[in-house]
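Participant: The structure that follows is given in the form of structure tokens.
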Amino acid sequence: MAGTDEKELQQLKKRLLELADQSYSRGIYTYTPFLSLAQQQVFYEIQKELSYAGTDLYGGAPSCERKMVRFGSAESLGYEEAYPIACLEMMPVMPKFADTLTHRDFLGAVMNHGIERDTTGDIFIQNGGGILFCRQSIVPYLLENLTQVKHTNIRCRIVEAALSLQCAEPKEISITVSSGRIDSVIAKIYHMSRSQSLELFAAGRVYVNGILMGNNSYQLKKEDAVTVRGYGKFLYYGMTGETKKGKERISVGVFG
């Protein structure tokens with residue numbers, strides 16, 4: 001990175017090292033804000049330097065992409081502590097007359113209240129409403145003030161993540177590809193040419209299990225979670241058969 005990006009990169013590395021040191025020296029858990037996939041890559045690059053403090057990542061649910069890094073562990077600190085993450089359900093007061101609300105609509109409504117992006121995690125759309133993972137400290141403000149998205153009046157309440165995401169499951173589909181190579185599967189799922197798929201790798205927009213993937217010939221493994229920034233996310237379930245022409249029939253779960 002260059003310019004401002006390089007400066008931000010160095011600041012994040014410095015902050016990660018500071019939080020690891022605080023956890024280790026004071027015997028407490030410390031947390032980062034919610035990190036994007038690109039920011040998480042910075043963590044992975046220096047993970048070995050931070051390992052002495054004990055590290056873990058979580059975003060509120062297994063399917064979340066935006067995650068906090070937690071420093072400290074039950075083994076080293078002698079106690080367990082939950083992440084300071086809350087799950088907020090945002091539902092229309094009158095669903096019959098509600099707008100069709102998107103991820104962008106909910107995020108925009110939250111940001112319009114002066115909420116910093118790094119205090120919010122993933123937003124899932126389901127049943128005409130939204131599920132927001134966020135830092136616990138901003139929940140009281142959102143409960144009181146987040147009452148409208150676009151022209152739709154909404155009601156917010158805290159819910160259990162496991163219950164709230166029952167419907168936020170990927171849609172399983174079967175596709176036929178020449179092989180289980182990641183570039184071939186991406187091209188098929190998102191209806192693009194192989195050359196367009198290759199451009200995504202060159203631009204650093206493909207992540208596997210949260211880690212930047214630069215190898216476009218990578219052979220997908222069962223349960224790999226693939227994120228293509230700007231397009232979406234899918235889970236690779238594996239090969240289910242073969243066509244008469246020798247192509248592979250595979251199963252994937254596509255989100256959104």
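Here's how to read the names in the structure tokens: chain A, B, ... by the order shown, residue numbers from 1 in each chain, ligand numbers from 1 in the order shown.
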Find the residues near Arg157 in chain A: any atom within 8 Å, counting only C-alpha atoms, skip ones fewer than 2 places away on the same chain, and give them as a ChimeraX atom specification.
Facilitator: /A:88-90,143,155,159
Participant: Which residues are close to Leu101 in chain A, i.e. within 8 Å by only C-alpha atoms, leaving aside same-chain residues fewer than 2 positions away? Reply as a ChimeraX atom specification.
Facilitator: /A:99,103,105-106,128-129,149-150
Participant: Keeping only N, CA and C atoms, write the selected residues to a file as a compact mmCIF listing (two decimals), in the first residue's frame.
Facilitator:
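Written output follows (selection.txt):
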# COMPACT_ATOMS: atom_id res chain seq x y z
N ASP A 99 -41.18 -0.66 2.95
CA ASP A 99 -40.34 -0.69 1.75
C ASP A 99 -39.59 -2.02 1.71
N HIS A 103 -29.44 -4.34 2.55
CA HIS A 103 -28.29 -4.19 3.43
C HIS A 103 -27.85 -2.73 3.47
N ASP A 105 -29.59 -0.06 2.85
CA ASP A 105 -30.58 0.77 3.54
C ASP A 105 -30.36 0.75 5.05
N PHE A 106 -30.19 -0.44 5.61
CA PHE A 106 -30.00 -0.56 7.05
C PHE A 106 -28.68 0.07 7.48
N GLY A 128 -37.96 -9.55 5.70
CA GLY A 128 -38.29 -8.15 5.49
C GLY A 128 -37.60 -7.18 6.43
N GLY A 129 -36.78 -7.71 7.34
CA GLY A 129 -36.07 -6.86 8.29
C GLY A 129 -34.58 -7.13 8.25
N VAL A 149 -36.03 3.37 8.65
CA VAL A 149 -35.12 3.03 7.56
C VAL A 149 -35.84 3.36 6.27
N LYS A 150 -35.25 4.24 5.46
CA LYS A 150 -35.94 4.82 4.30
C LYS A 150 -37.24 5.46 4.80
Participant: Give me, as a PyMOL selection string, the residues of range 143-221 of chain A that a backbone DSSP run labels strand (DSSP E).
Facilitator: chain A and resi 148-149+152-158+171-177+206-208+211-212
Participant: Tell me which of A:Ser178, A:Ser63, A:Ser251, A:Thr55 sits closest to Ile123 in chain A, counting only C-alpha atoms.
Facilitator: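 Ranking A:Ser178, A:Ser63, A:Ser251, A:Thr55 by distance to Ile123 in chain A, first place goes to A:Ser63.
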Participant: Among range 116-214 of chain A, which ones does DSSP place in helix (DSSP H, G or I), written as a PyMOL selection string?
Facilitator: chain A and resi 117-119+136-145+161-164+182-189+194-202
Participant: Produce a file of the selected residues containing C-alpha atoms, as a PDB file, in the first residue's frame.
Facilitator:
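Resulting contents of selection.pdb:
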ATOM      1  CA  ARG A 117     -18.510   1.765  11.011  1.00  0.00           C
ATOM      2  CA  ASP A 118     -16.000  -0.115  13.152  1.00  0.00           C
ATOM      3  CA  THR A 119     -18.567  -0.439  15.959  1.00  0.00           C
ATOM      4  CA  GLN A 136     -22.775  -3.609  23.050  1.00  0.00           C
ATOM      5  CA  SER A 137     -21.920  -0.010  23.972  1.00  0.00           C
ATOM      6  CA  ILE A 138     -23.987   1.440  21.089  1.00  0.00           C
ATOM      7  CA  VAL A 139     -27.087  -0.701  21.676  1.00  0.00           C
ATOM      8  CA  PRO A 140     -28.900   1.683  24.087  1.00  0.00           C
ATOM      9  CA  TYR A 141     -28.551   4.548  21.615  1.00  0.00           C
ATOM     10  CA  LEU A 142     -29.806   2.466  18.679  1.00  0.00           C
ATOM     11  CA  LEU A 143     -32.742   1.081  20.665  1.00  0.00           C
ATOM     12  CA  GLU A 144     -33.865   4.633  21.422  1.00  0.00           C
ATOM     13  CA  ASN A 145     -33.053   6.398  18.162  1.00  0.00           C
ATOM     14  CA  ALA A 161     -27.813 -14.623  17.552  1.00  0.00           C
ATOM     15  CA  ALA A 162     -28.455 -18.353  17.199  1.00  0.00           C
ATOM     16  CA  LEU A 163     -32.210 -17.765  17.044  1.00  0.00           C
ATOM     17  CA  SER A 164     -32.075 -14.659  14.875  1.00  0.00           C
ATOM     18  CA  ILE A 182     -11.647 -21.585  -7.249  1.00  0.00           C
ATOM     19  CA  ASP A 183     -11.496 -19.336 -10.336  1.00  0.00           C
ATOM     20  CA  SER A 184     -13.687 -21.736 -12.297  1.00  0.00           C
ATOM     21  CA  VAL A 185     -16.264 -21.980  -9.508  1.00  0.00           C
ATOM     22  CA  ILE A 186     -16.387 -18.198  -8.992  1.00  0.00           C
ATOM     23  CA  ALA A 187     -16.869 -17.622 -12.731  1.00  0.00           C
ATOM     24  CA  LYS A 188     -19.762 -20.067 -12.819  1.00  0.00           C
ATOM     25  CA  ILE A 189     -21.567 -18.818  -9.703  1.00  0.00           C
ATOM     26  CA  ARG A 194     -12.615 -16.881 -16.538  1.00  0.00           C
ATOM     27  CA  SER A 195     -10.598 -13.748 -17.406  1.00  0.00           C
ATOM     28  CA  GLN A 196     -12.985 -11.619 -15.332  1.00  0.00           C
ATOM     29  CA  SER A 197     -12.553 -14.076 -12.482  1.00  0.00           C
ATOM     30  CA  LEU A 198      -8.762 -13.756 -12.714  1.00  0.00           C
ATOM     31  CA  GLU A 199      -9.028  -9.974 -12.416  1.00  0.00           C
ATOM     32  CA  LEU A 200     -10.655 -10.423  -9.000  1.00  0.00           C
ATOM     33  CA  PHE A 201      -7.583 -12.254  -7.709  1.00  0.00           C
ATOM     34  CA  ALA A 202      -5.251  -9.585  -9.112  1.00  0.00           C
TER      35      ALA A 202
END
Participant: Take CA of Tyr190 in chain A and CA of Lys221 in chain A and report the distance between them in Å, one decimal.
Facilitator: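 Between CA of Tyr190 in chain A and CA of Lys221 in chain A the gap works out to 19.1 Å.
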Participant: Each residue of range 41-154 of chain A lying at most 12 Å from range 205-219 of chain A should get a row with its shortest atom-to-atom pair and the distance in Å to one decimal, counting only C-alpha atoms; could you produce that, ordered by chain and increasing number, as a tab-separated table?
Facilitator:
residue	atom	partner	partner_atom	distance
A:Gln41	CA	A:Ile211	CA	6.2
A:Val42	CA	A:Ile211	CA	9.9
A:Phe43	CA	A:Ile211	CA	10.0
A:Tyr44	CA	A:Ile211	CA	7.7
A:Glu45	CA	A:Ile211	CA	9.9
A:Leu57	CA	A:Gly210	CA	10.2
A:Tyr58	CA	A:Gly210	CA	11.1
A:Gly59	CA	A:Gly210	CA	11.7
A:Pro62	CA	A:Asn209	CA	10.8
A:Ser63	CA	A:Asn209	CA	10.2
A:Cys64	CA	A:Gly210	CA	9.9
A:Glu65	CA	A:Gly210	CA	7.1
A:Arg66	CA	A:Gly210	CA	9.2
A:Lys67	CA	A:Gly210	CA	9.7
Participant: Expressed in Å to a single decimal, how great is the separation between CA of Leu19 in chain A and CA of Pro84 in chain A?
Facilitator: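 CA of Pro84 in chain A lies 15.4 Å from CA of Leu19 in chain A.
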Participant: Which residues, written as a short mmCIF file (atom, residue, chain, number, x, y, z; two decimals) with N, CA and C atoms, in the first residue's frame, have at least one atom at most 7 Å from range 91-98 of chain A, with only C-alpha atoms counted and residues fewer than 3 positions away on the same chain left out?
Facilitator:
data_model
loop_
_atom_site.label_atom_id
_atom_site.label_comp_id
_atom_site.auth_asym_id
_atom_site.auth_seq_id
_atom_site.Cartn_x
_atom_site.Cartn_y
_atom_site.Cartn_z
N GLY A 129 -36.78 -7.71 7.34
CA GLY A 129 -36.07 -6.86 8.29
C GLY A 129 -34.58 -7.13 8.25
N GLY A 130 -33.89 -6.67 9.28
CA GLY A 130 -32.44 -6.84 9.32
C GLY A 130 -31.96 -7.31 10.67
N THR A 152 -39.71 3.61 6.10
CA THR A 152 -40.35 2.56 6.89
C THR A 152 -40.03 2.71 8.38
N ASN A 153 -41.05 2.76 9.20
CA ASN A 153 -40.86 2.77 10.65
C ASN A 153 -40.46 1.37 11.11
N ILE A 154 -39.43 1.30 11.95
CA ILE A 154 -38.96 0.01 12.41
C ILE A 154 -38.92 -0.04 13.94
N ARG A 155 -38.85 -1.25 14.44
CA ARG A 155 -38.72 -1.48 15.88
C ARG A 155 -37.47 -2.34 16.11
N CYS A 156 -36.63 -1.92 17.05
CA CYS A 156 -35.40 -2.66 17.33
C CYS A 156 -35.51 -3.40 18.67
#
Participant: When you draw a straight line from CA of Glu6 in chain A to CA of Leu35 in chain A, how long is it in Å?
Facilitator: 16.6 Å
Participant: Out of A:Arg229, A:Lys14, A:His191, A:Glu81, which residue has the shortest atom-to-atom distance to Ala38 in chain A when counting only C-alpha atoms?
Facilitator: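 Smallest separation from Ala38 in chain A among the options: A:Arg229.
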Participant: Got a sec: who's within 12 Å of Glu80 in chain A, counting only C-alpha atoms, leaving out chain neighbours fewer than 3 positions off, as a list in words?
Facilitator: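 Surrounding residues, per the criterion: Gly27, Ile28, Tyr29, Arg70, Phe71, Gly72, Ser73, Ala74, Glu75, Ser76, Leu77 and Tyr83 of chain A.
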Participant: Print the selection's residues with N, CA, C and O atoms to a file, as a compact mmCIF listing (two decimals), in the first residue's frame.
Facilitator:
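So the final result, stored in selection_12.txt, reads:
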# COMPACT_ATOMS: atom_id res chain seq x y z
N GLY A 27 -3.30 -8.98 32.36
CA GLY A 27 -4.10 -10.16 32.64
C GLY A 27 -5.58 -9.97 32.38
O GLY A 27 -6.43 -10.45 33.13
N ILE A 28 -5.91 -9.27 31.28
CA ILE A 28 -7.30 -9.02 30.93
C ILE A 28 -7.52 -9.30 29.45
O ILE A 28 -6.56 -9.38 28.67
N TYR A 29 -8.76 -9.46 29.08
CA TYR A 29 -9.09 -9.57 27.65
C TYR A 29 -9.12 -8.17 27.03
O TYR A 29 -9.62 -7.23 27.65
N ARG A 70 -9.86 -10.84 19.58
CA ARG A 70 -9.79 -10.83 21.05
C ARG A 70 -8.42 -11.34 21.48
O ARG A 70 -7.95 -12.38 21.00
N PHE A 71 -7.77 -10.61 22.38
CA PHE A 71 -6.50 -11.03 22.93
C PHE A 71 -6.73 -11.57 24.34
O PHE A 71 -7.43 -10.96 25.15
N GLY A 72 -6.13 -12.72 24.62
CA GLY A 72 -6.33 -13.38 25.91
C GLY A 72 -7.03 -14.71 25.71
O GLY A 72 -7.73 -14.90 24.70
N SER A 73 -6.88 -15.62 26.65
CA SER A 73 -7.55 -16.92 26.58
C SER A 73 -7.86 -17.41 27.98
O SER A 73 -7.26 -16.96 28.96
N ALA A 74 -8.80 -18.33 28.08
CA ALA A 74 -9.17 -18.88 29.37
C ALA A 74 -7.99 -19.60 30.01
O ALA A 74 -7.82 -19.58 31.23
N GLU A 75 -7.17 -20.23 29.17
CA GLU A 75 -6.00 -20.96 29.68
C GLU A 75 -4.99 -20.02 30.33
O GLU A 75 -4.44 -20.31 31.39
N SER A 76 -4.73 -18.89 29.70
CA SER A 76 -3.70 -17.98 30.21
C SER A 76 -4.23 -17.03 31.29
O SER A 76 -3.49 -16.64 32.20
N LEU A 77 -5.51 -16.65 31.20
CA LEU A 77 -6.06 -15.67 32.15
C LEU A 77 -6.84 -16.31 33.30
O LEU A 77 -7.09 -15.65 34.31
N TYR A 83 -17.40 -11.99 24.05
CA TYR A 83 -17.14 -10.81 23.23
C TYR A 83 -18.20 -9.73 23.51
O TYR A 83 -19.37 -10.07 23.74
Participant: Select from range 105-157 of chain A every residue with an atom at most 10 Å from any atom of range 168-175 of chain A, then for each give the shortest pair of atoms and their distance in Å to one decimal, using only C-alpha atoms, rows by chain and rising number, as a Markdown table.
Facilitator:
| residue | atom | partner | partner_atom | distance |
| --- | --- | --- | --- | --- |
| A:Phe124 | CA | A:Ala168 | CA | 6.9 |
| A:Ile125 | CA | A:Ala168 | CA | 7.4 |
| A:Gln126 | CA | A:Ala168 | CA | 6.5 |
| A:Asn127 | CA | A:Ala168 | CA | 9.5 |
| A:Ile131 | CA | A:Ala168 | CA | 9.4 |
Participant: Find the residues around Arg249 in chain A up to 9 Å (only C-alpha atoms counted), leave out those fewer than 6 positions away in its own chain, and share them as a PDB file with N, CA and C atoms, in the first residue's frame.
Facilitator:
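Full text of out_28.pdb as output:
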ATOM      1  N   SER A 174     -26.663 -26.578  -7.342  1.00  0.00           N
ATOM      2  CA  SER A 174     -25.739 -27.496  -8.005  1.00  0.00           C
ATOM      3  C   SER A 174     -25.273 -26.860  -9.305  1.00  0.00           C
ATOM      4  N   ILE A 175     -23.970 -26.852  -9.528  1.00  0.00           N
ATOM      5  CA  ILE A 175     -23.416 -26.290 -10.763  1.00  0.00           C
ATOM      6  C   ILE A 175     -22.432 -27.271 -11.385  1.00  0.00           C
ATOM      7  N   THR A 176     -22.183 -27.103 -12.663  1.00  0.00           N
ATOM      8  CA  THR A 176     -21.246 -27.957 -13.394  1.00  0.00           C
ATOM      9  C   THR A 176     -20.042 -27.127 -13.815  1.00  0.00           C
ATOM     10  N   VAL A 177     -18.854 -27.594 -13.458  1.00  0.00           N
ATOM     11  CA  VAL A 177     -17.617 -26.869 -13.768  1.00  0.00           C
ATOM     12  C   VAL A 177     -16.577 -27.853 -14.301  1.00  0.00           C
ATOM     13  N   SER A 178     -15.564 -27.292 -14.962  1.00  0.00           N
ATOM     14  CA  SER A 178     -14.499 -28.145 -15.489  1.00  0.00           C
ATOM     15  C   SER A 178     -13.682 -28.776 -14.378  1.00  0.00           C
ATOM     16  N   SER A 179     -13.560 -28.057 -13.244  1.00  0.00           N
ATOM     17  CA  SER A 179     -12.845 -28.586 -12.076  1.00  0.00           C
ATOM     18  C   SER A 179     -13.247 -27.773 -10.857  1.00  0.00           C
ATOM     19  N   GLY A 238     -18.757 -29.514  -1.942  1.00  0.00           N
ATOM     20  CA  GLY A 238     -18.015 -30.633  -2.509  1.00  0.00           C
ATOM     21  C   GLY A 238     -18.614 -31.170  -3.801  1.00  0.00           C
ATOM     22  N   MET A 239     -17.921 -32.124  -4.380  1.00  0.00           N
ATOM     23  CA  MET A 239     -18.327 -32.745  -5.638  1.00  0.00           C
ATOM     24  C   MET A 239     -19.422 -33.770  -5.384  1.00  0.00           C
ATOM     25  N   THR A 240     -20.449 -33.743  -6.221  1.00  0.00           N
ATOM     26  CA  THR A 240     -21.563 -34.682  -6.058  1.00  0.00           C
ATOM     27  C   THR A 240     -21.673 -35.678  -7.199  1.00  0.00           C
ATOM     28  N   GLY A 241     -20.916 -35.446  -8.270  1.00  0.00           N
ATOM     29  CA  GLY A 241     -20.986 -36.364  -9.400  1.00  0.00           C
ATOM     30  C   GLY A 241     -20.155 -35.873 -10.576  1.00  0.00           C
ATOM     31  N   GLU A 242     -20.303 -36.558 -11.689  1.00  0.00           N
ATOM     32  CA  GLU A 242     -19.546 -36.212 -12.887  1.00  0.00           C
ATOM     33  C   GLU A 242     -20.440 -36.383 -14.103  1.00  0.00           C
ATOM     34  N   THR A 243     -20.332 -35.465 -15.059  1.00  0.00           N
ATOM     35  CA  THR A 243     -21.140 -35.553 -16.269  1.00  0.00           C
ATOM     36  C   THR A 243     -20.518 -36.535 -17.251  1.00  0.00           C
TER      37      THR A 243
END
